[in-house]
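Engineer: Below you will find the structure I want to go over with you.
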Amino acid sequence: MEIDNSKKISVPDGFLRAFSVQETARKFLWQAYAGGRIASAYLFVGPAGVGKFLAAIEFVKFLKCPNKKDGSPCENCQSCRTINNWDNPDVFIIFPMPKSVWESESRGRAYEDFKKSPHLRPSFEKSSSILLSMIHNVQRFLSTPATGGGGKFVLVADAHKMNKEAANAFLKTLEEPPPDTHIILSTDRAEALLPTIRSRSQIVRFRRLSTEEVVRHLVYTYGFPPERADVVASISEGSIARALLTSSDEFQKVRDDALKLLSDAVKGDIISVWEWASAQKSRMDYARPFLNSLISITRDVAVLSSSNGNILNKDFEGELVSIARRIGSPFDAVDMLSKLLSLQSDLDRNPQYALFYNAVIDVVANSLKL
Ligand SMILES: [Zn+2]
């Protein structure tokens, strides 16, 4: 059988260069551009933290740049500079936030936070969603013609967080998009979108990154020293967002706390352990990252007490080896791990923060027979 290579498309290296590992998405978008068929709506789907939203911005910058060359925007023209600065009059960005933030002057700060680290989302005290009034703003925005070439674009991050009224209003825009306008939705939970929204958008798929790919990204894009990138990437589960979170000072503190708790516990320092638990009280924001760190550390201890396998928290190796030695039996570490994991699913199902820290101590004390 003969293979017809004439239709094989080659994507210029410069096109979405920072996303070179996302071959499927790059090919799909390049084909649309090269064929002059940019859709009125795209849905970028894939795991959290792999850069879907950033890729959307890069794609728009490329499309709107009058001096693009070899698949890359020039980065110097008025259009490129304003898109990099998130103030291009033809590009409108929305993302979930609490109503109280959207309707107050804190809105500007939320945009600044998101712009500063677009792999992450700004954190809010109240629950956030994409609101009906945001969609009304989108509709107003789309009702006037573009000021520069390439049309108008709306970028919607975490589109699955549209509330019901917002989604219904948004559907009208998708059904009758004004000419020369384009919408790019991104989500890691496509199944949570209205099926009618999904079916009116072209799906562009992004994949999970390997640990090596996260390392490369951290080193080349974020200037991490390679040893540090290695540690951070190994606990990131293929997500750049998670790697960046993990590397923040705040998260380092959480990991240090989890290590200290375990190390105090194996030394039998039960007073420090209880003091710690009562100091946390009902800290909601701290519970999940803390439990995740403790689980990751306990998993490493279980590995070290049964073999010399690969551990994730390489920067803690010395302390982890001595904790594993003190625990002695690998069964105790495994027992603790399985109880911590069930605590994690309890936390997902029915968060009881007031009882959470005591429950952690119970698990640790019981497993270590304190
Ligand atoms: Zn340009």
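Every chain in the structure tokens takes a letter, A first, then B, and so on in the order presented; its residues are numbered from 1, and the ligands are numbered from 1 following the presented order.
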Need to verify the contact set: Asp180 in chain A, 8 Å, only C-alpha atoms, exclusion of same-chain residues closer than 3 positions in sequence. Can you return it as a ChimeraX atom specification?
Structural biologist: /A:40,146,150-152
Engineer: I need the chosen residues saved as a PDB file, in the first residue's frame, with N, CA and C atoms.
Structural biologist:
```
ATOM      1  N   SER A  40     -14.871  29.746  15.037  1.00  0.00           N
ATOM      2  CA  SER A  40     -15.381  30.799  15.913  1.00  0.00           C
ATOM      3  C   SER A  40     -15.281  30.376  17.377  1.00  0.00           C
ATOM      4  N   ALA A 146     -13.408  44.849  15.512  1.00  0.00           N
ATOM      5  CA  ALA A 146     -12.025  44.835  15.992  1.00  0.00           C
ATOM      6  C   ALA A 146     -11.316  46.127  15.616  1.00  0.00           C
ATOM      7  N   GLY A 150      -7.057  40.674  12.307  1.00  0.00           N
ATOM      8  CA  GLY A 150      -7.120  39.348  12.923  1.00  0.00           C
ATOM      9  C   GLY A 150      -8.354  39.078  13.748  1.00  0.00           C
ATOM     10  N   GLY A 151      -9.209  40.083  13.928  1.00  0.00           N
ATOM     11  CA  GLY A 151     -10.473  39.843  14.624  1.00  0.00           C
ATOM     12  C   GLY A 151     -10.407  40.019  16.129  1.00  0.00           C
ATOM     13  N   LYS A 152     -11.542  39.702  16.753  1.00  0.00           N
ATOM     14  CA  LYS A 152     -11.651  39.847  18.208  1.00  0.00           C
ATOM     15  C   LYS A 152     -11.636  38.482  18.885  1.00  0.00           C
TER      16      LYS A 152
END
```
Engineer: Can you build me a table of chain A residues sitting at most 10 Å from ligand 1, with the closest atom pair per residue and its distance in Å to one decimal, using only C-alpha atoms and all ligand atoms, sorted by chain and residue number, as JSON lines?
Structural biologist:
```
{"residue": "A:Lys61", "atom": "CA", "partner": "ligand 1", "partner_atom_place_in_ligand_line": "1 (Zn)", "distance": 7.3}
{"residue": "A:Phe62", "atom": "CA", "partner": "ligand 1", "partner_atom_place_in_ligand_line": "1 (Zn)", "distance": 7.4}
{"residue": "A:Leu63", "atom": "CA", "partner": "ligand 1", "partner_atom_place_in_ligand_line": "1 (Zn)", "distance": 9.2}
{"residue": "A:Lys64", "atom": "CA", "partner": "ligand 1", "partner_atom_place_in_ligand_line": "1 (Zn)", "distance": 7.4}
{"residue": "A:Cys65", "atom": "CA", "partner": "ligand 1", "partner_atom_place_in_ligand_line": "1 (Zn)", "distance": 4.0}
{"residue": "A:Pro66", "atom": "CA", "partner": "ligand 1", "partner_atom_place_in_ligand_line": "1 (Zn)", "distance": 5.9}
{"residue": "A:Asn67", "atom": "CA", "partner": "ligand 1", "partner_atom_place_in_ligand_line": "1 (Zn)", "distance": 5.3}
{"residue": "A:Lys68", "atom": "CA", "partner": "ligand 1", "partner_atom_place_in_ligand_line": "1 (Zn)", "distance": 6.1}
{"residue": "A:Lys69", "atom": "CA", "partner": "ligand 1", "partner_atom_place_in_ligand_line": "1 (Zn)", "distance": 9.3}
{"residue": "A:Ser72", "atom": "CA", "partner": "ligand 1", "partner_atom_place_in_ligand_line": "1 (Zn)", "distance": 8.6}
{"residue": "A:Pro73", "atom": "CA", "partner": "ligand 1", "partner_atom_place_in_ligand_line": "1 (Zn)", "distance": 4.9}
{"residue": "A:Cys74", "atom": "CA", "partner": "ligand 1", "partner_atom_place_in_ligand_line": "1 (Zn)", "distance": 3.9}
{"residue": "A:Glu75", "atom": "CA", "partner": "ligand 1", "partner_atom_place_in_ligand_line": "1 (Zn)", "distance": 4.7}
{"residue": "A:Asn76", "atom": "CA", "partner": "ligand 1", "partner_atom_place_in_ligand_line": "1 (Zn)", "distance": 5.2}
{"residue": "A:Cys77", "atom": "CA", "partner": "ligand 1", "partner_atom_place_in_ligand_line": "1 (Zn)", "distance": 4.2}
{"residue": "A:Gln78", "atom": "CA", "partner": "ligand 1", "partner_atom_place_in_ligand_line": "1 (Zn)", "distance": 6.8}
{"residue": "A:Ser79", "atom": "CA", "partner": "ligand 1", "partner_atom_place_in_ligand_line": "1 (Zn)", "distance": 5.7}
{"residue": "A:Cys80", "atom": "CA", "partner": "ligand 1", "partner_atom_place_in_ligand_line": "1 (Zn)", "distance": 4.3}
{"residue": "A:Arg81", "atom": "CA", "partner": "ligand 1", "partner_atom_place_in_ligand_line": "1 (Zn)", "distance": 7.3}
{"residue": "A:Thr82", "atom": "CA", "partner": "ligand 1", "partner_atom_place_in_ligand_line": "1 (Zn)", "distance": 9.6}
{"residue": "A:Ile83", "atom": "CA", "partner": "ligand 1", "partner_atom_place_in_ligand_line": "1 (Zn)", "distance": 9.3}
```
Engineer: Mind dumping the selected residues with C-alpha atoms as a PDB file, in the first residue's frame?
Structural biologist:
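Writing done, so here's result35.pdb:
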```pdb
ATOM      1  CA  LYS A  61      -0.864  36.829  19.719  1.00  0.00           C
ATOM      2  CA  PHE A  62       0.360  34.924  16.684  1.00  0.00           C
ATOM      3  CA  LEU A  63      -2.911  35.371  14.785  1.00  0.00           C
ATOM      4  CA  LYS A  64      -3.095  39.097  15.463  1.00  0.00           C
ATOM      5  CA  CYS A  65       0.557  39.995  14.826  1.00  0.00           C
ATOM      6  CA  PRO A  66       0.954  41.828  11.481  1.00  0.00           C
ATOM      7  CA  ASN A  67       4.693  40.938  11.333  1.00  0.00           C
ATOM      8  CA  LYS A  68       4.556  37.218  12.112  1.00  0.00           C
ATOM      9  CA  LYS A  69       7.286  35.098  10.584  1.00  0.00           C
ATOM     10  CA  SER A  72       6.113  33.197  15.500  1.00  0.00           C
ATOM     11  CA  PRO A  73       4.659  36.564  16.437  1.00  0.00           C
ATOM     12  CA  CYS A  74       7.198  39.431  16.337  1.00  0.00           C
ATOM     13  CA  GLU A  75       6.796  40.308  20.067  1.00  0.00           C
ATOM     14  CA  ASN A  76       7.566  43.967  19.239  1.00  0.00           C
ATOM     15  CA  CYS A  77       4.577  45.443  17.481  1.00  0.00           C
ATOM     16  CA  GLN A  78       1.772  47.280  19.233  1.00  0.00           C
ATOM     17  CA  SER A  79      -0.467  44.216  19.010  1.00  0.00           C
ATOM     18  CA  CYS A  80       2.099  41.783  20.497  1.00  0.00           C
ATOM     19  CA  ARG A  81       3.093  44.177  23.260  1.00  0.00           C
ATOM     20  CA  THR A  82      -0.466  44.910  24.331  1.00  0.00           C
ATOM     21  CA  ILE A  83      -1.393  41.215  24.257  1.00  0.00           C
TER      22      ILE A  83
END
```
Engineer: What lies within 12 Å of Ser322 in chain A using only C-alpha atoms, ignoring chain neighbours under 2 positions off, as a ChimeraX atom specification?
Structural biologist: /A:259,262-264,266-267,300-301,304-305,316-320,324-328
Engineer: I'd like to know which of A:Leu185, A:Asn313, A:Asn163, A:Phe28 is closest to Ala233 in chain A, using only C-alpha atoms.
Structural biologist: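 The shortest atom-to-atom distance to Ala233 in chain A comes from A:Asn313.
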Engineer: Using only C-alpha atoms, which residues sit within 8 Å of range 354-362 of chain A once same-chain residues fewer than 5 positions away are excluded, as a ChimeraX atom specification?
Structural biologist: /A:273-274,277-278,280-283,287,340,343
Engineer: Excluding range 197-214 of chain A and residues on its chain fewer than 3 positions from it, collect all residues at most 7 Å away from it, counting only C-alpha atoms, and give them as a list of chain:residue names.
Structural biologist: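 The residues satisfying every condition are A:Gln22, A:Thr24, A:Ala25, A:Ala41, A:Tyr42, A:Leu43, A:Phe44, A:Val45, A:Gly46, A:Pro47, A:Val50, A:Leu171, A:Leu174, A:Leu193, A:Leu194, A:His217, A:Leu218, A:Ala233, A:Ser234, A:Gly238, A:Ser239, A:Ile240.
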Engineer: I need the strand (DSSP E or B) residues of range 108-313 of chain A per DSSP on the backbone, written as JSON, numbers by chain.
Structural biologist: {"A": [129, 130, 152, 153, 154, 155, 156, 162, 181, 182, 183, 184, 185, 186, 187, 202, 203, 204, 205]}
Engineer: Please dump the current selection as a short mmCIF file (atom, residue, chain, number, x, y, z; two decimals), in the first residue's frame; keep N, CA and C atoms.
Structural biologist:
```cif
data_model
loop_
_atom_site.label_atom_id
_atom_site.label_comp_id
_atom_site.auth_asym_id
_atom_site.auth_seq_id
_atom_site.Cartn_x
_atom_site.Cartn_y
_atom_site.Cartn_z
N SER A 129 -16.78 31.66 40.39
CA SER A 129 -17.38 31.09 39.18
C SER A 129 -17.38 32.13 38.07
N ILE A 130 -17.72 31.66 36.87
CA ILE A 130 -17.87 32.58 35.75
C ILE A 130 -19.32 33.02 35.76
N LYS A 152 -11.54 39.70 16.75
CA LYS A 152 -11.65 39.85 18.21
C LYS A 152 -11.64 38.48 18.88
N PHE A 153 -11.07 38.44 20.08
CA PHE A 153 -10.94 37.16 20.78
C PHE A 153 -11.41 37.27 22.23
N VAL A 154 -12.13 36.23 22.65
CA VAL A 154 -12.48 36.11 24.07
C VAL A 154 -11.81 34.85 24.59
N LEU A 155 -11.06 34.97 25.68
CA LEU A 155 -10.43 33.80 26.28
C LEU A 155 -11.11 33.51 27.62
N VAL A 156 -11.57 32.29 27.79
CA VAL A 156 -12.26 31.92 29.03
C VAL A 156 -11.48 30.81 29.72
N MET A 162 -18.49 27.99 34.71
CA MET A 162 -19.60 28.88 34.37
C MET A 162 -20.81 28.44 35.15
N THR A 181 -15.18 37.14 15.04
CA THR A 181 -14.93 36.99 16.48
C THR A 181 -14.65 35.52 16.80
N HIS A 182 -13.82 35.31 17.79
CA HIS A 182 -13.40 33.96 18.15
C HIS A 182 -13.37 33.80 19.66
N ILE A 183 -13.76 32.62 20.10
CA ILE A 183 -13.78 32.35 21.53
C ILE A 183 -12.90 31.14 21.80
N ILE A 184 -12.02 31.24 22.78
CA ILE A 184 -11.23 30.06 23.18
C ILE A 184 -11.52 29.76 24.64
N LEU A 185 -12.15 28.61 24.86
CA LEU A 185 -12.43 28.16 26.23
C LEU A 185 -11.32 27.21 26.62
N SER A 186 -10.92 27.22 27.89
CA SER A 186 -10.01 26.17 28.32
C SER A 186 -10.54 25.55 29.61
N THR A 187 -10.31 24.25 29.73
CA THR A 187 -10.81 23.53 30.90
C THR A 187 -10.08 22.21 31.10
N GLN A 202 -14.68 23.59 18.57
CA GLN A 202 -13.72 22.60 18.08
C GLN A 202 -12.80 22.23 19.25
N ILE A 203 -12.65 20.93 19.46
CA ILE A 203 -11.87 20.46 20.60
C ILE A 203 -10.39 20.39 20.25
N VAL A 204 -9.56 20.99 21.08
CA VAL A 204 -8.11 20.93 20.88
C VAL A 204 -7.53 20.25 22.12
N ARG A 205 -6.84 19.12 21.91
CA ARG A 205 -6.40 18.33 23.06
C ARG A 205 -4.96 18.59 23.49
#
```
